[in-house]
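**Student:** One file is attached below, target_3.pdb, containing PDB, C-alpha atoms.
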```pdb
MODEL        1
ATOM      1  CA  MET M1322      32.229 116.041  29.993
ATOM      2  CA  GLU M1323      35.899 116.975  29.654
ATOM      3  CA  ILE M1324      38.269 114.138  28.790
ATOM      4  CA  ASP M1325      42.060 114.076  28.970
ATOM      5  CA  ALA M1326      43.606 111.513  26.611
ATOM      6  CA  PHE M1327      47.252 110.395  26.642
ATOM      7  CA  LEU M1328      48.898 108.570  23.737
ATOM      8  CA  ASP M1329      51.966 106.358  23.649
ATOM      9  CA  GLU M1330      53.201 103.449  21.549
ATOM     10  CA  SER M1331      55.332 100.330  21.778
ATOM     11  CA  GLY M1332      57.302  98.728  18.973
ATOM     12  CA  SER M1333      58.601 100.172  15.732
ATOM     13  CA  ILE M1334      57.106 100.629  12.292
ATOM     14  CA  THR M1335      59.725  98.793  10.251
ATOM     15  CA  ASN M1336      60.282  96.382   7.396
ATOM     16  CA  LYS M1337      62.918  94.482   9.381
ATOM     17  CA  LEU M1338      60.496  92.042  10.918
ATOM     18  CA  SER M1339      61.344  89.312  13.382
ATOM     19  CA  SER M1340      59.524  87.295  16.021
ATOM     20  CA  SER M1341      60.251  90.047  18.554
ATOM     21  CA  CYS M1342      59.092  93.037  16.486
ATOM     22  CA  ARG M1343      56.194  91.821  14.378
ATOM     23  CA  TYR M1344      53.610  93.938  16.201
ATOM     24  CA  PHE M1345      53.204  97.666  16.818
ATOM     25  CA  THR M1346      50.814  98.977  19.473
ATOM     26  CA  ILE M1347      49.299 102.380  20.250
ATOM     27  CA  VAL M1348      47.434 102.975  23.505
ATOM     28  CA  VAL M1349      45.323 105.905  24.618
ATOM     29  CA  ALA M1350      44.721 106.311  28.363
ATOM     30  CA  CYS M1351      41.666 108.444  29.103
ATOM     31  CA  MET M1352      40.210 110.043  32.194
ATOM     32  CA  ASP M1353      37.607 112.570  33.196
ATOM     33  CA  HIS M1354      39.398 115.882  33.689
ATOM     34  CA  GLY M1355      38.033 115.974  37.231
ATOM     35  CA  ASP M1356      39.992 112.797  38.018
ATOM     36  CA  PHE M1357      43.261 114.120  36.563
ATOM     37  CA  PHE M1358      45.003 114.874  39.856
ATOM     38  CA  ASN M1359      43.741 111.703  41.523
ATOM     39  CA  VAL M1360      45.169 109.583  38.701
ATOM     40  CA  ASN M1361      48.450 111.487  38.695
ATOM     41  CA  ARG M1362      48.816 111.002  42.431
ATOM     42  CA  THR M1363      48.256 107.246  42.135
ATOM     43  CA  VAL M1364      50.800 106.886  39.327
ATOM     44  CA  LYS M1365      53.441 108.921  41.147
ATOM     45  CA  ARG M1366      52.926 107.003  44.400
ATOM     46  CA  THR M1367      53.248 103.690  42.575
ATOM     47  CA  GLU M1368      56.359 104.712  40.690
ATOM     48  CA  LEU M1369      57.949 106.118  43.843
ATOM     49  CA  LYS M1370      57.847 102.608  45.294
ATOM     50  CA  ILE M1371      59.725 101.283  42.240
ATOM     51  CA  ILE M1372      62.236 104.148  42.400
ATOM     52  CA  LYS M1373      62.888 103.474  46.083
ATOM     53  CA  ASP M1374      63.161  99.678  45.848
ATOM     54  CA  PHE M1375      64.779  99.316  42.402
ATOM     55  CA  PRO M1376      66.779 102.476  41.634
ATOM     56  CA  SER M1377      68.755 100.733  38.885
ATOM     57  CA  VAL M1378      65.706 100.639  36.572
ATOM     58  CA  VAL M1379      65.101 104.383  36.743
ATOM     59  CA  THR M1380      66.229 106.609  33.864
ATOM     60  CA  GLU M1381      68.519 109.602  34.234
ATOM     61  CA  LYS M1382      65.397 111.767  34.306
ATOM     62  CA  ARG M1383      64.038 109.620  37.188
ATOM     63  CA  GLU M1384      61.375 108.118  34.967
ATOM     64  CA  VAL M1385      60.017 104.601  35.351
ATOM     65  CA  LYS M1386      59.869 103.214  31.810
ATOM     66  CA  ALA M1387      58.030  99.954  31.214
ATOM     67  CA  ALA M1388      60.779  98.704  28.888
ATOM     68  CA  ASN M1389      63.251  98.767  31.797
ATOM     69  CA  LEU M1390      61.111  96.671  34.144
ATOM     70  CA  VAL M1391      61.089  92.920  34.673
ATOM     71  CA  PRO M1392      57.709  91.141  34.725
ATOM     72  CA  PHE M1393      57.012  91.241  38.467
ATOM     73  CA  GLN M1394      57.737  94.977  38.510
ATOM     74  CA  LYS M1395      55.436  95.557  35.537
ATOM     75  CA  GLU M1396      52.690  93.553  37.199
ATOM     76  CA  TYR M1397      52.983  95.617  40.383
ATOM     77  CA  VAL M1398      52.874  98.924  38.498
ATOM     78  CA  VAL M1399      49.801  98.194  36.367
ATOM     79  CA  ARG M1400      47.984  96.534  39.283
ATOM     80  CA  LYS M1401      48.473  99.552  41.537
ATOM     81  CA  ILE M1402      47.830 102.279  38.952
ATOM     82  CA  GLY M1403      44.799 100.274  37.804
ATOM     83  CA  GLU M1404      43.100 101.330  41.035
ATOM     84  CA  ALA M1405      42.837 104.875  39.648
ATOM     85  CA  PRO M1406      39.827 106.089  37.595
ATOM     86  CA  PHE M1407      41.058 105.920  33.990
ATOM     87  CA  GLN M1408      40.290 103.772  30.940
ATOM     88  CA  THR M1409      42.591 102.465  28.216
ATOM     89  CA  PHE M1410      42.020 101.556  24.575
ATOM     90  CA  SER M1411      44.508 100.024  22.170
ATOM     91  CA  ILE M1412      45.083  99.199  18.536
ATOM     92  CA  VAL M1413      47.674  96.602  17.557
ATOM     93  CA  ALA M1414      49.117  96.333  14.049
ATOM     94  CA  ASP M1415      50.447  93.058  12.678
ATOM     95  CA  LEU M1416      53.260  94.539  10.609
ATOM     96  CA  LYS M1417      53.707  91.273   8.729
ATOM     97  CA  LYS M1418      50.219  91.760   7.279
ATOM     98  CA  VAL M1419      50.435  95.524   6.738
ATOM     99  CA  GLU M1420      51.232  96.537   3.185
ATOM    100  CA  GLU M1421      54.948  97.146   2.740
ATOM    101  CA  ARG M1422      54.431 100.664   1.403
ATOM    102  CA  LEU M1423      52.874 101.637   4.753
ATOM    103  CA  ARG M1424      55.872 100.268   6.650
ATOM    104  CA  ASP M1425      58.588 101.477   4.303
ATOM    105  CA  GLY M1426      57.240 104.802   3.142
ATOM    106  CA  ASP M1427      55.762 107.660   5.133
ATOM    107  CA  LYS M1428      55.248 106.114   8.564
ATOM    108  CA  ASN M1429      52.903 108.967   9.447
ATOM    109  CA  ILE M1430      50.224 107.303   7.341
ATOM    110  CA  LEU M1431      50.072 104.079   9.344
ATOM    111  CA  TYR M1432      50.448 105.769  12.734
ATOM    112  CA  ASN M1433      47.759 108.344  12.014
ATOM    113  CA  PHE M1434      45.406 105.758  10.551
ATOM    114  CA  MET M1435      45.692 103.617  13.682
ATOM    115  CA  ALA M1436      45.250 106.591  16.005
ATOM    116  CA  LYS M1437      42.077 107.608  14.175
ATOM    117  CA  TYR M1438      40.436 104.283  15.026
ATOM    118  CA  LEU M1439      41.486 104.584  18.659
ATOM    119  CA  PHE M1440      39.464 107.737  19.073
ATOM    120  CA  GLN M1441      36.407 106.099  17.597
ATOM    121  CA  ASP M1442      36.547 103.856  20.656
ATOM    122  CA  VAL M1443      36.954 106.844  22.960
ATOM    123  CA  PHE M1444      33.840 108.561  21.611
ATOM    124  CA  GLY M1445      31.983 105.275  21.690
ATOM    125  CA  PHE M1446      32.743 104.827  25.378
ATOM    126  CA  TYR M1447      32.229 108.359  26.701
ATOM    127  CA  ALA M1448      28.970 110.161  26.099
ATOM    128  CA  ASP M1449      28.753 113.868  25.338
ATOM    129  CA  ILE M1450      32.424 114.880  25.294
ATOM    130  CA  SER M1451      32.409 118.671  25.355
ATOM    131  CA  LYS M1452      36.201 119.012  25.473
ATOM    132  CA  LEU M1453      38.945 116.580  24.513
ATOM    133  CA  HIS M1454      42.564 117.383  25.342
ATOM    134  CA  ILE M1455      45.001 114.988  23.663
ATOM    135  CA  TYR M1456      48.507 114.703  25.095
ATOM    136  CA  PHE M1457      51.269 113.301  22.899
ATOM    137  CA  ASP M1458      54.641 112.098  24.114
ATOM    138  CA  ASN M1459      57.342 114.301  22.609
ATOM    139  CA  ARG M1460      59.082 111.118  21.492
ATOM    140  CA  THR M1461      56.212 110.637  19.075
ATOM    141  CA  VAL M1462      57.774 113.250  16.824
ATOM    142  CA  LYS M1463      60.357 110.574  15.951
ATOM    143  CA  VAL M1464      57.524 108.529  14.464
ATOM    144  CA  THR M1465      55.231 111.172  13.101
ATOM    145  CA  SER M1466      55.027 114.949  12.883
ATOM    146  CA  ARG M1467      53.316 117.151  15.456
ATOM    147  CA  ASP M1468      50.956 118.975  13.132
ATOM    148  CA  THR M1469      50.169 115.936  11.041
ATOM    149  CA  ILE M1470      49.025 113.630  13.823
ATOM    150  CA  PHE M1471      46.977 116.192  15.755
ATOM    151  CA  ASN M1472      45.267 117.648  12.706
ATOM    152  CA  TYR M1473      44.544 114.186  11.314
ATOM    153  CA  ILE M1474      42.940 113.002  14.546
ATOM    154  CA  LYS M1475      40.990 116.228  14.942
ATOM    155  CA  SER M1476      39.651 116.121  11.382
ATOM    156  CA  SER M1477      38.692 112.441  11.716
ATOM    157  CA  ILE M1478      36.676 113.257  14.857
ATOM    158  CA  LEU M1479      34.925 116.162  13.154
ATOM    159  CA  GLU M1480      34.161 113.978  10.142
ATOM    160  CA  ARG M1481      32.182 111.684  12.449
ATOM    161  CA  GLY M1482      29.932 114.581  13.415
ATOM    162  CA  TYR M1483      31.364 115.668  16.774
ATOM    163  CA  TYR M1484      31.318 119.333  15.779
ATOM    164  CA  SER M1485      30.568 120.656  19.269
ATOM    165  CA  THR M1486      33.630 119.035  20.874
ATOM    166  CA  ASP M1487      36.493 121.399  21.650
ATOM    167  CA  ILE M1488      39.590 119.412  20.611
ATOM    168  CA  GLN M1489      43.017 120.499  21.825
ATOM    169  CA  GLY M1490      46.458 118.936  21.632
ATOM    170  CA  SER M1491      49.727 119.228  23.548
ATOM    171  CA  PHE M1492      53.137 117.601  23.263
ATOM    172  CA  VAL M1493      54.693 116.793  26.627
ATOM    173  CA  GLU M1494      57.760 115.163  28.106
ATOM    174  CA  SER M1495      56.787 111.750  29.447
ATOM    175  CA  GLU M1496      58.815 112.196  32.646
ATOM    176  CA  ASN M1497      56.517 115.123  33.496
ATOM    177  CA  CYS M1498      53.270 113.437  32.482
ATOM    178  CA  PRO M1499      51.905 110.444  34.443
ATOM    179  CA  GLY M1500      49.104 109.993  31.900
ATOM    180  CA  VAL M1501      51.573 109.304  29.104
ATOM    181  CA  ARG M1502      53.393 106.878  31.399
ATOM    182  CA  ILE M1503      50.152 104.944  31.906
ATOM    183  CA  ALA M1504      49.927 104.558  28.129
ATOM    184  CA  ASP M1505      53.602 103.536  28.084
ATOM    185  CA  HIS M1506      53.074 100.757  30.642
ATOM    186  CA  TYR M1507      49.971  99.409  28.917
ATOM    187  CA  SER M1508      51.359  99.581  25.375
ATOM    188  CA  ASN M1509      54.522  97.770  26.465
ATOM    189  CA  ILE M1510      52.589  94.939  28.096
ATOM    190  CA  ILE M1511      50.139  94.564  25.196
ATOM    191  CA  ASN M1512      52.838  94.651  22.537
ATOM    192  CA  ARG M1513      55.039  92.219  24.445
ATOM    193  CA  PHE M1514      52.122  89.813  24.752
ATOM    194  CA  TYR M1515      51.619  89.684  20.995
ATOM    195  CA  ASN M1516      55.324  89.282  20.290
ATOM    196  CA  HIS M1517      55.705  86.728  23.111
ATOM    197  CA  PRO M1518      52.227  85.215  23.654
ATOM    198  CA  GLN M1519      53.463  82.712  26.201
ATOM    199  CA  ASN M1520      53.872  85.635  28.630
ATOM    200  CA  ASP M1521      50.172  86.305  29.085
ATOM    201  CA  PHE M1522      49.553  86.654  32.839
ATOM    202  CA  ILE M1523      49.974  90.430  33.112
ATOM    203  CA  TYR M1524      48.147  91.085  29.843
ATOM    204  CA  LYS M1525      45.151  88.974  30.819
ATOM    205  CA  ASN M1526      44.864  90.740  34.171
ATOM    206  CA  LEU M1527      45.061  94.348  32.978
ATOM    207  CA  GLN M1528      42.560  96.569  34.752
ATOM    208  CA  ASN M1529      40.627  99.413  33.122
ATOM    209  CA  TYR M1530      41.337  97.930  29.698
ATOM    210  CA  GLN M1531      38.203  98.634  27.703
ATOM    211  CA  HIS M1532      38.799  97.651  24.102
ATOM    212  CA  GLU M1533      41.449  96.360  21.727
ATOM    213  CA  GLN M1534      41.436  96.687  17.951
ATOM    214  CA  HIS M1535      43.566  94.780  15.447
ATOM    215  CA  PHE M1536      44.930  95.987  12.133
ATOM    216  CA  PRO M1537      44.477  94.673   9.533
ATOM    217  CA  ASN M1538      41.611  92.976  11.295
ATOM    218  CA  ARG M1539      40.913  90.312   8.666
ATOM    219  CA  TYR M1540      44.443  88.930   8.475
ATOM    220  CA  PHE M1541      45.740  89.791  11.935
ATOM    221  CA  GLY M1542      47.981  87.116  13.453
ATOM    222  CA  SER M1543      47.608  84.654  10.582
TER     223      SER M1543
ENDMDL
END
```
Translate the structure of the given file into structure tokens.
**Tutor:**
Amino acid sequence: MEIDAFLDESGSITNKLSSSCRYFTIVVACMDHGDFFNVNRTVKRTELKIIKDFPSVVTEKREVKAANLVPFQKEYVVRKIGEAPFQTFSIVADLKKVEERLRDGDKNILYNFMAKYLFQDVFGFYADISKLHIYFDNRTVKVTSRDTIFNYIKSSILERGYYSTDIQGSFVESENCPGVRIADHYSNIINRFYNHPQNDFIYKNLQNYQHEQHFPNRYFGS
């Protein structure tokens, strides 16, 4: 089985915490490589509706970013793209409970650590992955370094015994990659829910949402 996996995040790793930025979320959207074009077509068709009806929310690069949408637009997007054959996994960090040195020092450490656990979920869900192609949003280089994150994830997968899996990585522009935009929409909704838990309708009705991890799990949200 060949799996395409697309990473994106919502929130910021920072020491300047407030009620609106306490949480940081990474999402990986995964699909069988054979479903790649079907998923892309569904995402593009859905976003085209938003572009046509609400042109003011579209970026200069004609990208539909979740952060620019109001709730009813977000609900429409994730409901329609949720009809496509993909799965999503997330990990949410409660920055208030994360050690300060992980927030204030090398932010690569926290990001990479969280991403490692995400891919444990991926390999737990899909059986016999012969090839895994991980796509990173180019914006991720503002949070972590290209070589660091890919090599860290790859080594963590190999350490768990998946020696026969061919693991590849690419950095892409999100406006050219519907898979990354799926991760963007989901991470935005999940992160917003934790920062504003009263807004739970969209979060509780997410489709294709397989598993959510919390970090640090023991003290999360307390």
**Student:** To one decimal in Å, tell me the separation between atom CA of M:Thr1346 and atom CA of M:Glu1368.
**Tutor:**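 We find that atom CA of M:Thr1346 and atom CA of M:Glu1368 lie 22.7 Å from each other.
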**Student:** Run the PyMOL selection byres ((chain M and resi 1527) around 10) on the file and write out the hits as a ChimeraX atom specification.
**Tutor:** /M:1396,1399-1400,1403,1409,1507,1510-1511,1522-1526,1528-1531
**Student:** Distance atom CA of M:Gly1332-atom CA of M:Val1385, one decimal place?
**Tutor:**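 Taking atom CA of M:Gly1332 and atom CA of M:Val1385, their separation equals 17.6 Å.
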**Student:** How far is it from atom CA of M:Asp1329 to atom CA of M:Gln1489, in Å with one decimal?
**Tutor:**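 Result for atom CA of M:Asp1329 versus atom CA of M:Gln1489: 16.8 Å, one decimal.
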**Student:** Ranking M:Phe1446, M:Phe1358, M:Phe1345, M:Phe1471 by minimum distance to M:Asn1512 and counting all atoms listed in the file, which one comes first?
**Tutor:**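 Using all atoms listed in the file, M:Asn1512 sits closest to M:Phe1345.
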**Student:** Which residues fall under the PyMOL selection byres ((chain M and resi 1538-1543) around 10) in this file, as a ChimeraX atom specification?
**Tutor:** /M:1343-1344,1413-1419,1515,1534-1537
**Student:** Taking into account only C-alpha atoms, which residue in the set M:Ile1474, M:Ile1503, M:Ile1334, M:Val1443 is nearest to M:Ala1405?
**Tutor:** M:Ile1503
**Student:** Using all atoms listed in the file, which of M:Lys1365, M:Arg1502, M:His1532, M:Arg1383 sits nearest M:Leu1328?
**Tutor:**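 Comparing M:Lys1365, M:Arg1502, M:His1532, M:Arg1383 against M:Leu1328, the winner is M:Arg1502.
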**Student:** So which one's closest to M:Val1364, M:Asp1449, M:Phe1327, M:Ile1402, M:Lys1386? Using all atoms listed in the file, please.
**Tutor:** M:Ile1402
**Student:** Quick one: of M:Ser1508, M:Val1379, M:Asp1374, M:Asn1433, who's nearest to M:Asn1472, counting only C-alpha atoms?
**Tutor:**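 Distance minimum relative to M:Asn1472 lands on M:Asn1433.
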**Student:** Can you tell me which residues surround M:Phe1407 at a distance of at most 8 Å, considering only C-alpha atoms, apart from same-chain residues fewer than 5 positions away, and format the answer as a ChimeraX atom specification?
**Tutor:** /M:1350-1353,1360,1529
**Student:** With 3 Å on each side, where is the centre of the axis-aligned box around all listed atoms of stretch 1322-1339 of chain M, and how long are its edges in Å to one decimal, as JSON?
**Tutor:**
```
{"center_x": 47.6, "center_y": 103.1, "center_z": 18.7, "size_x": 36.7, "size_y": 33.7, "size_z": 28.6}
```
**Student:** Quick one: residues within 9 Å of M:Ile1450, all atoms listed in the file counted, chain neighbours fewer than 5 positions away excluded, as a ChimeraX atom specification?
**Tutor:** /M:1322-1324,1444,1483,1485-1487
**Student:** Output C-alpha atoms for every residue in the selection just made, as a PDB file, in the coordinates of the input.
**Tutor:**
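Just written: selection.pdb:
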```pdb
ATOM      1  CA  MET M1322      32.229 116.041  29.993  1.00  0.00           C
ATOM      2  CA  GLU M1323      35.899 116.975  29.654  1.00  0.00           C
ATOM      3  CA  ILE M1324      38.269 114.138  28.790  1.00  0.00           C
ATOM      4  CA  PHE M1444      33.840 108.561  21.611  1.00  0.00           C
ATOM      5  CA  TYR M1483      31.364 115.668  16.774  1.00  0.00           C
ATOM      6  CA  SER M1485      30.568 120.656  19.269  1.00  0.00           C
ATOM      7  CA  THR M1486      33.630 119.035  20.874  1.00  0.00           C
ATOM      8  CA  ASP M1487      36.493 121.399  21.650  1.00  0.00           C
TER       9      ASP M1487
END
```
**Student:** Closest to M:Leu1453 among M:Tyr1484, M:Ile1470, M:Met1435, M:Glu1404, using all atoms listed in the file?
**Tutor:**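 Smallest separation from M:Leu1453 among the options: M:Tyr1484.
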**Student:** What would the selection look like, as a JSON list (two decimals) with C-alpha atoms, in the coordinates of the input, if the PyMOL selection byres ((chain M and resi 1491) around 10) were run on the coordinates I just shared?
**Tutor:**
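Generated file (out35.json):
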```
[["chain", "number", "residue", "atom", "x", "y", "z"],
["M", 1327, "PHE", "CA", 47.25, 110.40, 26.64],
["M", 1454, "HIS", "CA", 42.56, 117.38, 25.34],
["M", 1455, "ILE", "CA", 45.00, 114.99, 23.66],
["M", 1456, "TYR", "CA", 48.51, 114.70, 25.10],
["M", 1457, "PHE", "CA", 51.27, 113.30, 22.90],
["M", 1458, "ASP", "CA", 54.64, 112.10, 24.11],
["M", 1459, "ASN", "CA", 57.34, 114.30, 22.61],
["M", 1467, "ARG", "CA", 53.32, 117.15, 15.46],
["M", 1471, "PHE", "CA", 46.98, 116.19, 15.76],
["M", 1489, "GLN", "CA", 43.02, 120.50, 21.82],
["M", 1490, "GLY", "CA", 46.46, 118.94, 21.63],
["M", 1492, "PHE", "CA", 53.14, 117.60, 23.26],
["M", 1493, "VAL", "CA", 54.69, 116.79, 26.63]]
```
